[in-house]
Amino acid sequence: MTRHRPWPPSHPPPPHPLPLRVVAAAPQATGSGAGKKMARLSPGAAAPQVDTGKYVRYTPEQVEALERVYNECPKPSSLRRQQIIRDCPILCNIEPKQIKVWFQNRRCREKQRKESSRMQTVNRKLTAMNKLLMEENDRLQKQVSRLVYENASVKSLKTKIHKASAATTDTSCESVVTSGQQQALAAPRPQRDANNPAGLLAIGEETLTAFLSKATGTAVEWVQMMGMKPGPDSIGIIAVSHNCIGVAARACGLVSLEPTKVAEILKDRPSWYRDCRCVDILHVFPTGNGGTIELIYMQTYAPTTLAAPRDFWTLRYTCGLDDGSLVICERSLTQSTGGPSGPNTPGFIRAEVLPSGYLIRPCEGGGSMIHIVDHVDLDAWSVPEVLRPLYESPKIVAQKMTIAALRHIRQIAHESSGEIPYGAGRQPAVLRTFSQRLSRGFNDAVSGFPDDGWSLLTSDGAEDITITVNSSPNKLVGSHISPSPLFSAIGGGILCAKASMLVQDVPPALLVRFLREHRSEWADPGVDAYSAASLRASPYAVPGLRAGGFMGNQVILPLAHTLEHEEFLEVLRLEGHGFSHEEVLLARDMYLLQLCSGVDENASGACAQLVFAPIDESFADDAPLLPSGFRVIPLDTKTDVPSATRTLDLASALEVGSGGALRGSGDSPGGCSTRSVLTIAFQFSFENHLRESVAAMARQYVRAVMASVQRVAMAIAPSRLGSQIQLKHPPGSPEALTLASWIGRSYRAHTGEEIRWSDTEEADSPLKLLWNHSDAILCCSLKPAPMFTFGNNAALDMLETTLVNLQDISLEAILDDEGRKALCAEFSKVMQQGFAYLPGGVCKSSMGRQASYEQAVAWKVVGDDVAGAPHCLAFMFVNWTFL
């Protein structure tokens, strides 16, 4: 970077500074050439004023021309700089070297400006966060003082009661309490209705006072939520209620949006509250202080198929405070509060909003400080006992409502800055609409409201799967698209198969992440092909239930993610393959638009969800979506267990001995005792004459998916993946024990050496030794296309796969070109002599990561056959590590 010298004393600065003045060093010149150069630069008012041949000042016109070039190319090459001088006559008297210096200085100033802006933003965040922490500290001090006072009052009351009971048996105290209750009952709160705005304003003022006492006071005992540490890069200060009526959550955070914009976003609840079905503002009353009162009816979806949805009838009061803050507070209208009665909808359970809302404070330098309080009573006693934790957990309320609102505002603020790159050429609002449509479509399928056209199909006698049918054409193609002509001619609709089940000992994030990354573990390619085919010729023209070919690998194409990476929107491409020539011609790639959220294991109380819908290659903005997927909601507070940092695998699915018994979750000291409710919903389009066939297929498919997910959940549970596993017998079936014996015996017979086991391992079981060996050991079939049939723990980690998925990986797929050449050169030696040593190299995992190994050993595994026929090939990759 060229440094500027100060103006020489003999040449003071010009009296009128020029905009964006840049001083650049001119090249040294001597002799007659210097005089010519000075003569060339000095004449004309528009020419640069050169100071003793060392400094040059640019005119505003020249600076403007250079700025235009800088906006297009901040770092031009030497040829580009010469081209700039030729293209701009106003720069013809400037040396190329001086142009280079100008661009260097300009880039330096731009870098300093960005760094200064970033530091100002960080400083503003720290200042605001410090203010929040000071307010929180003041609240805690008040709470401590109150508790100390209450403790002293209780002690004094106990002493008085003890003395009074010793002196007399009069029940005057009891009489006083009874008379107070009778007076309270005798003076009920006056009824306040929509025809009396003054009465509603009184309710609003009461709600405002109660809300502020929760947002900044001590009305609720708040406990900081785990994993939410305050800081300049954190979402804010998150707290949940402790020992209060209902469940409550509170958040404080800083966003770079003005208060009016923040209030507009927060009032649009369906845009950020994914469980919100609809919000109807039935009455609006202006108030004398410039605020508004709104009477609102809101419906929410049911989180599972096992509970009824909730609705709310509330009063929302919006007003400004004397300090310039904006307040939006809300509470339910009940008999105790007064006010008009709200609408009643069959099938919904009325829940209550206790004083809640948003306090939005303007910040110096722009932006807003937000205080959010959500306090609800969801009537937990109306649901089955096993589901009550869903309605009694303040952490779930925090994740679904409080944190969701704050994240949505921060996301929009970040998008407004233009710093987020998005895929597929879509604008952020379009991609956000896709996410909302996927989530809303899945919620519609789970709840199946009759007013949306859903009706229950006759069951086959088993109550584990619920089948509902919707014959409304707009449900598939959307209300803004005309119904298909085929629908009116033949008739069809949508069929949904859904179920809920209890999942134990596996965190929701871990399960959903596995379902996302290993679709082949649970999905049927034929069903995927059926769903994809319904979008091609016509939305309702569904071919047979079986498509040609089978699906190969899955490729995840990311589209967008939220600021905290808690939600991903992506396109999943399922590669089509076929065995015969006809199937190869007919096989086509299939595409799914997929939404994945809640995959952070450290997010306490978070709901994890995987929702997907088939799309065609065009992927239009108004493409019809028919979402299906999974939702996992935690029922209990999980214990503090280390995250499962190792690769998700199905190794623990191996049975223990011949009995197949698995350890319970409580046997491991570091185990996880989490319980979750898993909801599955799959939607299919159908024609009327195929409805029964599609229903039978859907019922059978969902049952198969439930069985697969249950097996996966048992396999990946941290209590079985943890390092604290202590089994009396190693995991594995009798076949696995036999194979382990053959592997060790064949290695010893061919090489004359024993496999070097760890000195700390006990030799009571060859399978345990093989499974815990530090080197990756794999068994491969001897078919024309060798496929892996078994791998130890290290091998599954190296390939980043599972025992089930291991069978889908070929030997050629993991070896690079050098490894394949070395294997081909030594293959005949392996078959004749029984073993061969292969040089070190690089292999590729199923997730595309590269792992290096120092050496590989290949040998024939011979069984108990008298003829000595090889059973399979074994490979050992020594000292492997990820690159």
# chains A, B, ... in the order shown; residues from 1 in each chain; ligands from 1
>>> closest_atom_pairs(of="region 367-417 of chain A", to="region 298-313 of chain A", cutoff="12 Å", atoms="only C-alpha atoms", output="CSV")
residue,atom,partner,partner_atom,distance
A:Val376,CA,A:Phe312,CA,10.0
A:Asp377,CA,A:Phe312,CA,10.4
A:Leu378,CA,A:Arg310,CA,7.6
A:Asp379,CA,A:Arg310,CA,9.1
A:Ala380,CA,A:Ala307,CA,10.2
A:Trp381,CA,A:Ala307,CA,11.2
A:Ser382,CA,A:Ala307,CA,8.5
A:Val383,CA,A:Ala307,CA,6.1
A:Pro384,CA,A:Ala307,CA,7.8
A:Glu385,CA,A:Ala307,CA,11.0
A:Val386,CA,A:Leu306,CA,10.2
A:Leu387,CA,A:Ala307,CA,8.2
A:Arg388,CA,A:Ala307,CA,10.0
A:Leu390,CA,A:Pro303,CA,8.7
A:Tyr391,CA,A:Pro303,CA,10.1
A:Ile396,CA,A:Pro303,CA,11.3
A:Lys400,CA,A:Pro303,CA,10.9
A:Met401,CA,A:Thr300,CA,11.8
>>> write_last_selection(atoms="N, CA and C atoms", output="CSV table (one decimal), in the first residue's frame")
chain,number,residue,atom,x,y,z
A,376,VAL,N,-48.8,-18.3,27.8
A,376,VAL,CA,-50.0,-19.0,27.4
A,376,VAL,C,-50.3,-20.1,28.4
A,377,ASP,N,-51.6,-20.4,28.4
A,377,ASP,CA,-52.1,-21.6,29.1
A,377,ASP,C,-52.9,-22.4,28.0
A,378,LEU,N,-52.2,-23.6,27.7
A,378,LEU,CA,-52.7,-24.4,26.5
A,378,LEU,C,-53.7,-25.5,27.0
A,379,ASP,N,-54.1,-25.5,28.2
A,379,ASP,CA,-55.1,-26.5,28.7
A,379,ASP,C,-54.5,-27.9,28.5
A,380,ALA,N,-53.4,-28.1,29.2
A,380,ALA,CA,-52.7,-29.4,29.1
A,380,ALA,C,-53.6,-30.6,29.6
A,381,TRP,N,-54.5,-30.3,30.4
A,381,TRP,CA,-55.3,-31.4,31.0
A,381,TRP,C,-56.3,-32.0,29.9
A,382,SER,N,-56.4,-31.4,28.8
A,382,SER,CA,-57.3,-31.9,27.8
A,382,SER,C,-56.7,-32.9,26.8
A,383,VAL,N,-55.4,-33.2,27.0
A,383,VAL,CA,-54.7,-34.1,26.1
A,383,VAL,C,-54.3,-35.3,26.9
A,384,PRO,N,-53.9,-36.4,26.2
A,384,PRO,CA,-53.5,-37.6,26.9
A,384,PRO,C,-52.2,-37.3,27.8
A,385,GLU,N,-52.1,-38.1,28.8
A,385,GLU,CA,-51.0,-37.8,29.8
A,385,GLU,C,-49.7,-37.8,29.2
A,386,VAL,N,-49.4,-38.7,28.2
A,386,VAL,CA,-48.1,-38.8,27.6
A,386,VAL,C,-47.7,-37.6,26.8
A,387,LEU,N,-48.8,-36.8,26.4
A,387,LEU,CA,-48.5,-35.7,25.5
A,387,LEU,C,-48.5,-34.4,26.3
A,388,ARG,N,-48.8,-34.4,27.6
A,388,ARG,CA,-48.9,-33.2,28.4
A,388,ARG,C,-47.6,-32.4,28.4
A,390,LEU,N,-45.8,-31.6,26.0
A,390,LEU,CA,-45.8,-30.7,24.9
A,390,LEU,C,-46.5,-29.4,25.2
A,391,TYR,N,-47.5,-29.4,26.1
A,391,TYR,CA,-48.2,-28.2,26.5
A,391,TYR,C,-47.8,-27.6,27.8
A,396,ILE,N,-40.5,-25.3,24.7
A,396,ILE,CA,-41.1,-25.5,23.4
A,396,ILE,C,-41.8,-24.2,23.0
A,400,LYS,N,-40.8,-22.3,19.5
A,400,LYS,CA,-41.8,-22.2,18.5
A,400,LYS,C,-42.3,-20.7,18.3
A,401,MET,N,-42.4,-19.9,19.4
A,401,MET,CA,-42.9,-18.6,19.3
A,401,MET,C,-41.9,-17.5,19.5
>>> select_by_dssp(residues="region 673-861 of chain A", states="strand (DSSP E or B)", output="PDB file with N, CA, C and O atoms, in the first residue's frame")
ATOM      1  N   ARG A 675     -37.614 -38.688  25.571  1.00  0.00           N
ATOM      2  CA  ARG A 675     -38.762 -39.245  24.880  1.00  0.00           C
ATOM      3  C   ARG A 675     -39.278 -38.188  23.916  1.00  0.00           C
ATOM      4  O   ARG A 675     -39.309 -37.006  24.238  1.00  0.00           O
ATOM      5  N   SER A 676     -39.679 -38.617  22.736  1.00  0.00           N
ATOM      6  CA  SER A 676     -40.183 -37.704  21.724  1.00  0.00           C
ATOM      7  C   SER A 676     -41.403 -38.326  21.071  1.00  0.00           C
ATOM      8  O   SER A 676     -41.554 -39.549  21.045  1.00  0.00           O
ATOM      9  N   VAL A 677     -42.269 -37.465  20.552  1.00  0.00           N
ATOM     10  CA  VAL A 677     -43.398 -37.938  19.771  1.00  0.00           C
ATOM     11  C   VAL A 677     -43.090 -37.642  18.306  1.00  0.00           C
ATOM     12  O   VAL A 677     -42.765 -36.516  17.937  1.00  0.00           O
ATOM     13  N   LEU A 678     -43.148 -38.681  17.496  1.00  0.00           N
ATOM     14  CA  LEU A 678     -42.853 -38.590  16.070  1.00  0.00           C
ATOM     15  C   LEU A 678     -44.160 -38.649  15.299  1.00  0.00           C
ATOM     16  O   LEU A 678     -44.961 -39.573  15.473  1.00  0.00           O
ATOM     17  N   THR A 679     -44.376 -37.657  14.456  1.00  0.00           N
ATOM     18  CA  THR A 679     -45.555 -37.607  13.600  1.00  0.00           C
ATOM     19  C   THR A 679     -45.121 -37.770  12.145  1.00  0.00           C
ATOM     20  O   THR A 679     -44.218 -37.061  11.689  1.00  0.00           O
ATOM     21  N   ILE A 680     -45.758 -38.712  11.451  1.00  0.00           N
ATOM     22  CA  ILE A 680     -45.455 -39.007  10.048  1.00  0.00           C
ATOM     23  C   ILE A 680     -46.708 -38.734   9.233  1.00  0.00           C
ATOM     24  O   ILE A 680     -47.812 -39.149   9.621  1.00  0.00           O
ATOM     25  N   ALA A 681     -46.560 -38.050   8.120  1.00  0.00           N
ATOM     26  CA  ALA A 681     -47.691 -37.792   7.215  1.00  0.00           C
ATOM     27  C   ALA A 681     -47.186 -37.829   5.788  1.00  0.00           C
ATOM     28  O   ALA A 681     -46.211 -37.135   5.460  1.00  0.00           O
ATOM     29  N   PHE A 682     -47.831 -38.648   4.958  1.00  0.00           N
ATOM     30  CA  PHE A 682     -47.491 -38.750   3.534  1.00  0.00           C
ATOM     31  C   PHE A 682     -48.754 -38.485   2.716  1.00  0.00           C
ATOM     32  O   PHE A 682     -49.822 -39.035   3.006  1.00  0.00           O
ATOM     33  N   GLN A 683     -48.602 -37.637   1.693  1.00  0.00           N
ATOM     34  CA  GLN A 683     -49.737 -37.283   0.835  1.00  0.00           C
ATOM     35  C   GLN A 683     -49.514 -37.824  -0.575  1.00  0.00           C
ATOM     36  O   GLN A 683     -48.383 -37.801  -1.088  1.00  0.00           O
ATOM     37  N   PHE A 684     -50.595 -38.273  -1.179  1.00  0.00           N
ATOM     38  CA  PHE A 684     -50.559 -38.818  -2.542  1.00  0.00           C
ATOM     39  C   PHE A 684     -51.769 -38.290  -3.311  1.00  0.00           C
ATOM     40  O   PHE A 684     -52.875 -38.181  -2.762  1.00  0.00           O
ATOM     41  N   SER A 685     -51.561 -37.983  -4.583  1.00  0.00           N
ATOM     42  CA  SER A 685     -52.702 -37.665  -5.439  1.00  0.00           C
ATOM     43  C   SER A 685     -53.258 -38.969  -6.022  1.00  0.00           C
ATOM     44  O   SER A 685     -52.561 -39.978  -6.105  1.00  0.00           O
ATOM     45  N   PHE A 686     -54.531 -38.939  -6.394  1.00  0.00           N
ATOM     46  CA  PHE A 686     -55.154 -40.168  -6.902  1.00  0.00           C
ATOM     47  C   PHE A 686     -56.289 -39.809  -7.854  1.00  0.00           C
ATOM     48  O   PHE A 686     -56.814 -38.673  -7.838  1.00  0.00           O
ATOM     49  N   GLU A 687     -56.656 -40.766  -8.686  1.00  0.00           N
ATOM     50  CA  GLU A 687     -57.888 -40.710  -9.463  1.00  0.00           C
ATOM     51  C   GLU A 687     -58.942 -41.538  -8.735  1.00  0.00           C
ATOM     52  O   GLU A 687     -58.617 -42.489  -8.022  1.00  0.00           O
ATOM     53  N   PRO A 731     -21.601 -56.962  20.497  1.00  0.00           N
ATOM     54  CA  PRO A 731     -22.787 -56.946  19.649  1.00  0.00           C
ATOM     55  C   PRO A 731     -22.562 -57.815  18.422  1.00  0.00           C
ATOM     56  O   PRO A 731     -21.488 -57.848  17.848  1.00  0.00           O
ATOM     57  N   ALA A 776      -9.431 -49.674   9.602  1.00  0.00           N
ATOM     58  CA  ALA A 776     -10.690 -49.972   8.918  1.00  0.00           C
ATOM     59  C   ALA A 776     -10.597 -51.334   8.247  1.00  0.00           C
ATOM     60  O   ALA A 776      -9.729 -51.562   7.397  1.00  0.00           O
ATOM     61  N   ILE A 777     -11.485 -52.259   8.630  1.00  0.00           N
ATOM     62  CA  ILE A 777     -11.518 -53.615   8.069  1.00  0.00           C
ATOM     63  C   ILE A 777     -12.867 -53.799   7.380  1.00  0.00           C
ATOM     64  O   ILE A 777     -13.916 -53.621   7.990  1.00  0.00           O
ATOM     65  N   LEU A 778     -12.815 -54.171   6.092  1.00  0.00           N
ATOM     66  CA  LEU A 778     -14.019 -54.332   5.279  1.00  0.00           C
ATOM     67  C   LEU A 778     -14.018 -55.691   4.611  1.00  0.00           C
ATOM     68  O   LEU A 778     -12.949 -56.208   4.243  1.00  0.00           O
ATOM     69  N   CYS A 779     -15.197 -56.270   4.458  1.00  0.00           N
ATOM     70  CA  CYS A 779     -15.361 -57.512   3.714  1.00  0.00           C
ATOM     71  C   CYS A 779     -16.120 -57.219   2.426  1.00  0.00           C
ATOM     72  O   CYS A 779     -17.105 -56.472   2.441  1.00  0.00           O
ATOM     73  N   CYS A 780     -15.660 -57.838   1.343  1.00  0.00           N
ATOM     74  CA  CYS A 780     -16.204 -57.542   0.028  1.00  0.00           C
ATOM     75  C   CYS A 780     -16.569 -58.853  -0.664  1.00  0.00           C
ATOM     76  O   CYS A 780     -15.822 -59.841  -0.593  1.00  0.00           O
ATOM     77  N   MET A 787     -19.217 -55.802  -3.879  1.00  0.00           N
ATOM     78  CA  MET A 787     -19.968 -54.956  -2.950  1.00  0.00           C
ATOM     79  C   MET A 787     -19.547 -55.304  -1.525  1.00  0.00           C
ATOM     80  O   MET A 787     -19.282 -56.461  -1.207  1.00  0.00           O
ATOM     81  N   PHE A 788     -19.514 -54.308  -0.668  1.00  0.00           N
ATOM     82  CA  PHE A 788     -19.142 -54.526   0.719  1.00  0.00           C
ATOM     83  C   PHE A 788     -20.286 -55.203   1.470  1.00  0.00           C
ATOM     84  O   PHE A 788     -21.460 -54.854   1.298  1.00  0.00           O
ATOM     85  N   THR A 789     -19.930 -56.164   2.290  1.00  0.00           N
ATOM     86  CA  THR A 789     -20.919 -56.907   3.071  1.00  0.00           C
ATOM     87  C   THR A 789     -20.767 -56.708   4.567  1.00  0.00           C
ATOM     88  O   THR A 789     -21.717 -56.945   5.321  1.00  0.00           O
ATOM     89  N   PHE A 790     -19.589 -56.261   5.025  1.00  0.00           N
ATOM     90  CA  PHE A 790     -19.371 -56.066   6.456  1.00  0.00           C
ATOM     91  C   PHE A 790     -18.229 -55.072   6.639  1.00  0.00           C
ATOM     92  O   PHE A 790     -17.293 -55.009   5.832  1.00  0.00           O
ATOM     93  N   GLY A 791     -18.328 -54.302   7.704  1.00  0.00           N
ATOM     94  CA  GLY A 791     -17.260 -53.389   8.070  1.00  0.00           C
ATOM     95  C   GLY A 791     -17.241 -53.184   9.569  1.00  0.00           C
ATOM     96  O   GLY A 791     -18.289 -53.217  10.222  1.00  0.00           O
ATOM     97  N   SER A 810     -19.877 -49.715  -3.594  1.00  0.00           N
ATOM     98  CA  SER A 810     -18.994 -50.635  -4.308  1.00  0.00           C
ATOM     99  C   SER A 810     -17.542 -50.322  -3.992  1.00  0.00           C
ATOM    100  O   SER A 810     -17.200 -49.205  -3.562  1.00  0.00           O
ATOM    101  N   LEU A 815     -12.285 -46.162  -4.048  1.00  0.00           N
ATOM    102  CA  LEU A 815     -10.876 -46.084  -4.412  1.00  0.00           C
ATOM    103  C   LEU A 815     -10.664 -45.037  -5.495  1.00  0.00           C
ATOM    104  O   LEU A 815     -11.510 -44.865  -6.382  1.00  0.00           O
ATOM    105  N   PHE A 835      -3.031 -63.341  -0.343  1.00  0.00           N
ATOM    106  CA  PHE A 835      -2.968 -61.994   0.220  1.00  0.00           C
ATOM    107  C   PHE A 835      -2.028 -61.150  -0.624  1.00  0.00           C
ATOM    108  O   PHE A 835      -1.252 -61.670  -1.447  1.00  0.00           O
ATOM    109  N   ALA A 836      -2.108 -59.835  -0.425  1.00  0.00           N
ATOM    110  CA  ALA A 836      -1.205 -58.898  -1.083  1.00  0.00           C
ATOM    111  C   ALA A 836      -1.213 -57.596  -0.301  1.00  0.00           C
ATOM    112  O   ALA A 836      -2.218 -57.232   0.335  1.00  0.00           O
ATOM    113  N   TYR A 837      -0.040 -56.911  -0.328  1.00  0.00           N
ATOM    114  CA  TYR A 837       0.068 -55.591   0.301  1.00  0.00           C
ATOM    115  C   TYR A 837      -0.071 -54.527  -0.779  1.00  0.00           C
ATOM    116  O   TYR A 837       0.596 -54.589  -1.819  1.00  0.00           O
ATOM    117  N   LEU A 838      -0.938 -53.549  -0.526  1.00  0.00           N
ATOM    118  CA  LEU A 838      -1.183 -52.464  -1.475  1.00  0.00           C
ATOM    119  C   LEU A 838      -0.590 -51.183  -0.928  1.00  0.00           C
ATOM    120  O   LEU A 838      -0.598 -50.946   0.289  1.00  0.00           O
ATOM    121  N   PRO A 839      -0.059 -50.324  -1.804  1.00  0.00           N
ATOM    122  CA  PRO A 839       0.549 -49.065  -1.320  1.00  0.00           C
ATOM    123  C   PRO A 839      -0.508 -48.123  -0.756  1.00  0.00           C
ATOM    124  O   PRO A 839      -1.714 -48.271  -0.997  1.00  0.00           O
ATOM    125  N   GLY A 840      -0.041 -47.142   0.010  1.00  0.00           N
ATOM    126  CA  GLY A 840      -0.941 -46.152   0.579  1.00  0.00           C
ATOM    127  C   GLY A 840      -1.601 -45.303  -0.488  1.00  0.00           C
ATOM    128  O   GLY A 840      -1.126 -45.209  -1.628  1.00  0.00           O
ATOM    129  N   GLY A 841      -2.681 -44.687  -0.141  1.00  0.00           N
ATOM    130  CA  GLY A 841      -3.414 -43.883  -1.103  1.00  0.00           C
ATOM    131  C   GLY A 841      -4.533 -43.106  -0.445  1.00  0.00           C
ATOM    132  O   GLY A 841      -4.510 -42.823   0.756  1.00  0.00           O
ATOM    133  N   VAL A 842      -5.537 -42.787  -1.260  1.00  0.00           N
ATOM    134  CA  VAL A 842      -6.668 -41.981  -0.815  1.00  0.00           C
ATOM    135  C   VAL A 842      -7.952 -42.685  -1.228  1.00  0.00           C
ATOM    136  O   VAL A 842      -8.060 -43.191  -2.354  1.00  0.00           O
ATOM    137  N   CYS A 843      -8.919 -42.738  -0.318  1.00  0.00           N
ATOM    138  CA  CYS A 843     -10.242 -43.268  -0.645  1.00  0.00           C
ATOM    139  C   CYS A 843     -11.290 -42.205  -0.334  1.00  0.00           C
ATOM    140  O   CYS A 843     -11.007 -41.218   0.355  1.00  0.00           O
ATOM    141  N   LYS A 844     -12.494 -42.401  -0.844  1.00  0.00           N
ATOM    142  CA  LYS A 844     -13.558 -41.417  -0.717  1.00  0.00           C
ATOM    143  C   LYS A 844     -14.726 -42.016   0.051  1.00  0.00           C
ATOM    144  O   LYS A 844     -15.152 -43.138  -0.210  1.00  0.00           O
ATOM    145  N   GLN A 850     -12.486 -37.151   1.570  1.00  0.00           N
ATOM    146  CA  GLN A 850     -11.330 -37.978   1.251  1.00  0.00           C
ATOM    147  C   GLN A 850     -10.603 -38.385   2.530  1.00  0.00           C
ATOM    148  O   GLN A 850     -10.438 -37.584   3.455  1.00  0.00           O
ATOM    149  N   ALA A 851     -10.181 -39.644   2.572  1.00  0.00           N
ATOM    150  CA  ALA A 851      -9.421 -40.176   3.706  1.00  0.00           C
ATOM    151  C   ALA A 851      -8.179 -40.864   3.166  1.00  0.00           C
ATOM    152  O   ALA A 851      -8.252 -41.637   2.196  1.00  0.00           O
ATOM    153  N   SER A 852      -7.045 -40.570   3.762  1.00  0.00           N
ATOM    154  CA  SER A 852      -5.787 -41.190   3.341  1.00  0.00           C
ATOM    155  C   SER A 852      -5.461 -42.373   4.246  1.00  0.00           C
ATOM    156  O   SER A 852      -5.878 -42.412   5.411  1.00  0.00           O
ATOM    157  N   TYR A 853      -4.717 -43.329   3.719  1.00  0.00           N
ATOM    158  CA  TYR A 853      -4.263 -44.483   4.497  1.00  0.00           C
ATOM    159  C   TYR A 853      -2.822 -44.795   4.108  1.00  0.00           C
ATOM    160  O   TYR A 853      -2.385 -44.581   2.975  1.00  0.00           O
ATOM    161  N   GLU A 854      -2.052 -45.304   5.087  1.00  0.00           N
ATOM    162  CA  GLU A 854      -0.627 -45.563   4.867  1.00  0.00           C
ATOM    163  C   GLU A 854      -0.390 -46.815   4.045  1.00  0.00           C
ATOM    164  O   GLU A 854       0.542 -46.892   3.244  1.00  0.00           O
ATOM    165  N   GLN A 855      -1.236 -47.827   4.241  1.00  0.00           N
ATOM    166  CA  GLN A 855      -1.067 -49.104   3.555  1.00  0.00           C
ATOM    167  C   GLN A 855      -2.390 -49.857   3.602  1.00  0.00           C
ATOM    168  O   GLN A 855      -3.222 -49.621   4.484  1.00  0.00           O
ATOM    169  N   ALA A 856      -2.599 -50.726   2.634  1.00  0.00           N
ATOM    170  CA  ALA A 856      -3.781 -51.574   2.621  1.00  0.00           C
ATOM    171  C   ALA A 856      -3.345 -53.024   2.453  1.00  0.00           C
ATOM    172  O   ALA A 856      -2.380 -53.313   1.736  1.00  0.00           O
ATOM    173  N   VAL A 857      -4.068 -53.905   3.125  1.00  0.00           N
ATOM    174  CA  VAL A 857      -3.811 -55.345   3.026  1.00  0.00           C
ATOM    175  C   VAL A 857      -5.092 -56.002   2.515  1.00  0.00           C
ATOM    176  O   VAL A 857      -6.177 -55.726   3.028  1.00  0.00           O
ATOM    177  N   ALA A 858      -4.949 -56.852   1.505  1.00  0.00           N
ATOM    178  CA  ALA A 858      -6.087 -57.595   0.968  1.00  0.00           C
ATOM    179  C   ALA A 858      -5.809 -59.084   1.108  1.00  0.00           C
ATOM    180  O   ALA A 858      -4.699 -59.546   0.798  1.00  0.00           O
ATOM    181  N   TRP A 859      -6.808 -59.830   1.589  1.00  0.00           N
ATOM    182  CA  TRP A 859      -6.618 -61.277   1.715  1.00  0.00           C
ATOM    183  C   TRP A 859      -7.944 -62.008   1.534  1.00  0.00           C
ATOM    184  O   TRP A 859      -9.023 -61.433   1.703  1.00  0.00           O
ATOM    185  N   LYS A 860      -7.821 -63.283   1.143  1.00  0.00           N
ATOM    186  CA  LYS A 860      -8.996 -64.126   0.979  1.00  0.00           C
ATOM    187  C   LYS A 860      -9.482 -64.614   2.330  1.00  0.00           C
ATOM    188  O   LYS A 860      -8.683 -65.030   3.169  1.00  0.00           O
ATOM    189  N   VAL A 861     -10.793 -64.571   2.512  1.00  0.00           N
ATOM    190  CA  VAL A 861     -11.403 -65.110   3.723  1.00  0.00           C
ATOM    191  C   VAL A 861     -11.997 -66.467   3.356  1.00  0.00           C
ATOM    192  O   VAL A 861     -12.896 -66.571   2.512  1.00  0.00           O
TER     193      VAL A 861
END
>>> closest_residue(among="A:Leu769, A:Ala404, A:Leu559, A:Val63", to="Leu431 (chain A)", atoms="only C-alpha atoms")
A:Leu559
>>> closest_residue(among="A:Ile90, A:Ala398, A:Ala509, A:Leu767", to="Arg250 (chain A)", atoms="only C-alpha atoms")
A:Ala398
>>> closest_residue(among="A:Ser336, A:Ser765, A:Asn137, A:Ser455", to="Leu737 (chain A)", atoms="only C-alpha atoms")
A:Ser765
>>> residues_around(residues="Tyr701 (chain A)", least_positions_apart="6", cutoff="10 Å", atoms="only C-alpha atoms", output="PyMOL selection string")
chain A and resi 497+522-524+527+682+695+707
>>> closest_residue(among="A:Ser746, A:Gln399, A:Gln700, A:Thr209", to="Ala608 (chain A)", atoms="only C-alpha atoms")
A:Gln399
>>> select_by_dssp(residues="region 789-823 of chain A", states="helix (DSSP H, G or I)", output="PyMOL selection string")
chain A and resi 793-799+803-806+811-814+817-823
>>> closest_residue(among="A:Ser393, A:Gln141, A:Gln335, A:Ser213", to="Asn243 (chain A)", atoms="only C-alpha atoms")
A:Ser393
>>> closest_residue(among="A:Ala717, A:Ile809, A:Ile94, A:Ile403", to="Val56 (chain A)", atoms="only C-alpha atoms")
A:Ile94
>>> residues_around(residues="His375 (chain A)", least_positions_apart="5", cutoff="8 Å", atoms="only C-alpha atoms", output="PyMOL selection string")
chain A and resi 246-249+353-356
>>> atom_distance(atom1="CA of Ala736 (chain A)", atom2="CA of Arg849 (chain A)")
28.3 Å
>>> atom_distance(atom1="CA of Ile743 (chain A)", atom2="CA of Ala795 (chain A)")
14.9 Å
>>> atom_distance(atom1="CA of Cys363 (chain A)", atom2="CA of Cys252 (chain A)")
13.4 Å
